[in-house]
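Okay, target06.cif is below, mmCIF, C-alpha atoms:
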data_start
loop_
_atom_site.group_PDB
_atom_site.id
_atom_site.type_symbol
_atom_site.label_atom_id
_atom_site.label_comp_id
_atom_site.auth_asym_id
_atom_site.auth_seq_id
_atom_site.Cartn_x
_atom_site.Cartn_y
_atom_site.Cartn_z
ATOM 1 C CA MET A 1 0.000 0.000 0.000
ATOM 2 C CA LEU A 2 2.867 2.382 0.838
ATOM 3 C CA PHE A 3 4.607 1.394 -2.398
ATOM 4 C CA GLN A 4 1.457 2.222 -4.380
ATOM 5 C CA LEU A 5 1.090 5.543 -2.607
ATOM 6 C CA ASP A 6 4.762 6.396 -3.206
ATOM 7 C CA VAL A 7 4.515 5.609 -6.924
ATOM 8 C CA HIS A 8 1.116 7.125 -7.683
ATOM 9 C CA LYS A 9 1.089 9.876 -5.026
ATOM 10 C CA GLY A 10 -2.400 8.920 -3.901
ATOM 11 C CA GLY A 11 -5.451 10.215 -5.626
ATOM 12 C CA LEU A 12 -9.123 9.811 -5.054
ATOM 13 C CA ASN A 13 -10.160 6.545 -3.428
ATOM 14 C CA TRP A 14 -6.654 5.075 -3.500
ATOM 15 C CA ARG A 15 -7.308 2.941 -0.395
ATOM 16 C CA LYS A 16 -10.570 1.595 -1.753
ATOM 17 C CA GLN A 17 -8.876 0.747 -5.041
ATOM 18 C CA PHE A 18 -6.029 -0.969 -3.212
ATOM 19 C CA TRP A 19 -8.382 -3.250 -1.251
ATOM 20 C CA GLU A 20 -10.408 -4.046 -4.366
ATOM 21 C CA ILE A 21 -7.267 -5.258 -6.109
ATOM 22 C CA HIS A 22 -5.743 -6.879 -3.001
ATOM 23 C CA PRO A 23 -8.558 -8.278 -0.862
ATOM 24 C CA ALA A 24 -7.548 -9.293 2.651
ATOM 25 C CA PRO A 25 -9.181 -10.603 5.833
ATOM 26 C CA PRO A 26 -10.407 -7.945 8.289
ATOM 27 C CA LYS A 27 -7.520 -8.484 10.765
ATOM 28 C CA VAL A 28 -4.950 -8.000 8.014
ATOM 29 C CA ARG A 29 -6.724 -4.894 6.741
ATOM 30 C CA THR A 30 -6.943 -3.416 10.238
ATOM 31 C CA PHE A 31 -3.237 -3.948 10.962
ATOM 32 C CA THR A 32 -2.257 -2.700 7.507
ATOM 33 C CA GLU A 33 -4.327 0.454 7.940
ATOM 34 C CA LEU A 34 -2.715 1.027 11.367
ATOM 35 C CA LEU A 35 0.757 0.837 9.834
ATOM 36 C CA VAL A 36 -0.070 2.943 6.784
ATOM 37 C CA ASP A 37 -1.834 5.629 8.818
ATOM 38 C CA GLY A 38 1.062 5.692 11.291
ATOM 39 C CA VAL A 39 3.673 6.018 8.560
ATOM 40 C CA LEU A 40 1.696 8.828 6.938
ATOM 41 C CA GLN A 41 1.230 10.619 10.266
ATOM 42 C CA TYR A 42 4.930 10.459 11.200
ATOM 43 C CA GLN A 43 6.476 10.299 7.732
ATOM 44 C CA GLU A 44 8.610 13.427 8.108
ATOM 45 C CA ASP A 45 10.113 12.126 11.376
ATOM 46 C CA ILE A 46 10.514 8.614 9.955
ATOM 47 C CA ASP A 47 12.211 9.877 6.788
ATOM 48 C CA ARG A 48 14.548 12.067 8.853
ATOM 49 C CA LEU A 49 15.577 9.041 10.931
ATOM 50 C CA ILE A 50 16.120 6.853 7.897
ATOM 51 C CA GLN A 51 18.172 9.591 6.244
ATOM 52 C CA LYS A 52 20.223 10.076 9.416
ATOM 53 C CA HIS A 53 21.126 6.382 9.585
ATOM 54 C CA ALA A 54 21.443 5.648 5.850
ATOM 55 C CA LEU A 55 25.020 6.772 5.448
ATOM 56 C CA ASN A 56 25.767 8.004 1.940
ATOM 57 C CA TRP A 57 22.213 7.254 0.764
ATOM 58 C CA SER A 58 19.405 9.698 0.135
ATOM 59 C CA LEU A 59 15.800 8.559 0.294
ATOM 60 C CA GLY A 60 15.463 9.329 -3.396
ATOM 61 C CA ARG A 61 18.352 6.994 -4.275
ATOM 62 C CA MET A 62 16.821 4.072 -2.392
ATOM 63 C CA SER A 63 14.576 1.684 -4.224
ATOM 64 C CA ILE A 64 10.903 2.393 -3.654
ATOM 65 C CA ILE A 65 10.524 -1.042 -2.090
ATOM 66 C CA ASP A 66 13.393 -0.579 0.378
ATOM 67 C CA ARG A 67 12.316 2.945 1.271
ATOM 68 C CA ASN A 68 8.802 1.828 2.157
ATOM 69 C CA ILE A 69 9.900 -1.303 4.005
ATOM 70 C CA LEU A 70 12.085 0.961 6.119
ATOM 71 C CA ARG A 71 9.285 3.481 6.692
ATOM 72 C CA CYS A 72 6.910 0.779 7.842
ATOM 73 C CA ALA A 73 9.508 -0.908 10.069
ATOM 74 C CA VAL A 74 10.631 2.366 11.675
ATOM 75 C CA TYR A 75 7.041 3.279 12.477
ATOM 76 C CA GLU A 76 6.481 -0.160 13.983
ATOM 77 C CA LEU A 77 9.736 -0.011 15.979
ATOM 78 C CA LEU A 78 9.104 3.398 17.483
ATOM 79 C CA TRP A 79 5.332 3.715 17.741
ATOM 80 C CA VAL A 80 3.837 0.188 17.939
ATOM 81 C CA SER A 81 4.771 -1.056 21.381
ATOM 82 C CA ASP A 82 3.194 -4.527 21.237
ATOM 83 C CA VAL A 83 5.458 -5.807 18.434
ATOM 84 C CA PRO A 84 8.962 -6.785 19.606
ATOM 85 C CA ALA A 85 11.824 -5.047 17.782
ATOM 86 C CA LYS A 86 13.363 -8.375 16.787
ATOM 87 C CA VAL A 87 10.115 -9.444 15.089
ATOM 88 C CA THR A 88 9.828 -6.138 13.214
ATOM 89 C CA MET A 89 13.430 -6.321 12.050
ATOM 90 C CA ASN A 90 13.223 -9.958 10.942
ATOM 91 C CA GLU A 91 10.012 -9.336 9.002
ATOM 92 C CA ALA A 92 11.439 -6.240 7.302
ATOM 93 C CA ILE A 93 14.608 -8.101 6.311
ATOM 94 C CA GLU A 94 12.662 -11.078 4.937
ATOM 95 C CA ILE A 95 10.307 -8.815 2.978
ATOM 96 C CA ALA A 96 13.312 -6.980 1.515
ATOM 97 C CA LYS A 97 14.979 -10.258 0.525
ATOM 98 C CA ARG A 98 11.778 -11.501 -1.093
ATOM 99 C CA TYR A 99 10.582 -8.405 -2.933
ATOM 100 C CA SER A 100 13.717 -6.354 -3.564
ATOM 101 C CA ASP A 101 17.200 -7.319 -4.714
ATOM 102 C CA GLU A 102 19.650 -9.685 -3.029
ATOM 103 C CA GLU A 103 21.502 -6.903 -1.191
ATOM 104 C CA SER A 104 18.376 -5.267 0.226
ATOM 105 C CA GLY A 105 18.129 -7.558 3.243
ATOM 106 C CA ALA A 106 21.546 -6.444 4.466
ATOM 107 C CA PHE A 107 20.805 -2.807 3.588
ATOM 108 C CA VAL A 108 17.519 -2.791 5.537
ATOM 109 C CA ASN A 109 19.131 -4.681 8.415
ATOM 110 C CA GLY A 110 21.981 -2.180 8.706
ATOM 111 C CA ILE A 111 19.738 0.865 8.844
ATOM 112 C CA LEU A 112 17.215 -0.686 11.226
ATOM 113 C CA ASP A 113 19.983 -1.963 13.489
ATOM 114 C CA HIS A 114 21.374 1.582 13.831
ATOM 115 C CA ILE A 115 17.918 2.970 14.516
ATOM 116 C CA VAL A 116 17.121 0.326 17.129
ATOM 117 C CA LYS A 117 20.425 0.862 18.935
ATOM 118 C CA GLU A 118 20.355 4.660 18.905
ATOM 119 C CA GLU A 119 16.768 5.816 18.657
ATOM 120 C CA THR A 120 14.945 3.334 20.866
ATOM 121 C CA LEU A 121 17.510 3.832 23.619
ATOM 122 C CA SER A 122 17.187 7.616 23.471
ATOM 123 C CA LYS A 123 13.397 7.319 23.431
ATOM 124 C CA LYS A 124 13.496 5.315 26.673
ATOM 125 C CA GLU A 125 15.860 7.735 28.441
#

Mind turning this structure into structure tokens?
Amino acid sequence: MLFQLDVHKGGLNWRKQFWEIHPAPPKVRTFTELLVDGVLQYQEDIDRLIQKHALNWSLGRMSIIDRNILRCAVYELLWVSDVPAKVTMNEAIEIAKRYSDEESGAFVNGILDHIVKEETLSKKE
């Protein structure tokens, strides 16, 4: 959903169109909407964090897939307290390996690892 929004920049009824093309059970839709709404609400902060920890990479240079995997994972790491960080990281890495290129898993892992070590600690202090 974030990929679609990033590529097409939204438009009228983009969510409705997404769910028509990609039907999902209610629990999946609810969790997806939570993540998407959270990313959209905090996107400036999330993008700043990704940029801060993506040494020598701009958001624009990242693949659309990697950029949106990172956005979703960062939101989940910092604002969804009932999902353990290890679970979020493992899922993000596996999604990157499956849907992006062979180096994306390591790329996503490196950025998320920095964010978990630095940002979640400072948030708790």

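Shortest separation to A:Ala106 among A:Val80, A:Val74, A:Val39, A:Met89 occurs at residue A:Met89, atoms counted being all atoms listed in the file.
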
**Item:** Å distance separating atom CA of A:Arg61 from atom CA of A:Glu76, one decimal place
**Value:** 22.9 Å

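Ranking A:Arg71, A:Asn109, A:Val83, A:Ile21 by their shortest atom-to-atom distance to A:Tyr42, with only C-alpha atoms included, puts A:Arg71 first.
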
**Nearest-residue call for A:Ser63, choices A:Gln17, A:Ser100, A:Gln41, A:Gln4, using all atoms listed in the file** = A:Ser100

**Request:** Measuring atom to atom with only C-alpha atoms, identify which of A:Glu20, A:Glu119, A:Asp66, A:Glu91 is nearest to A:Ser104.
**Result:** A:Asp66
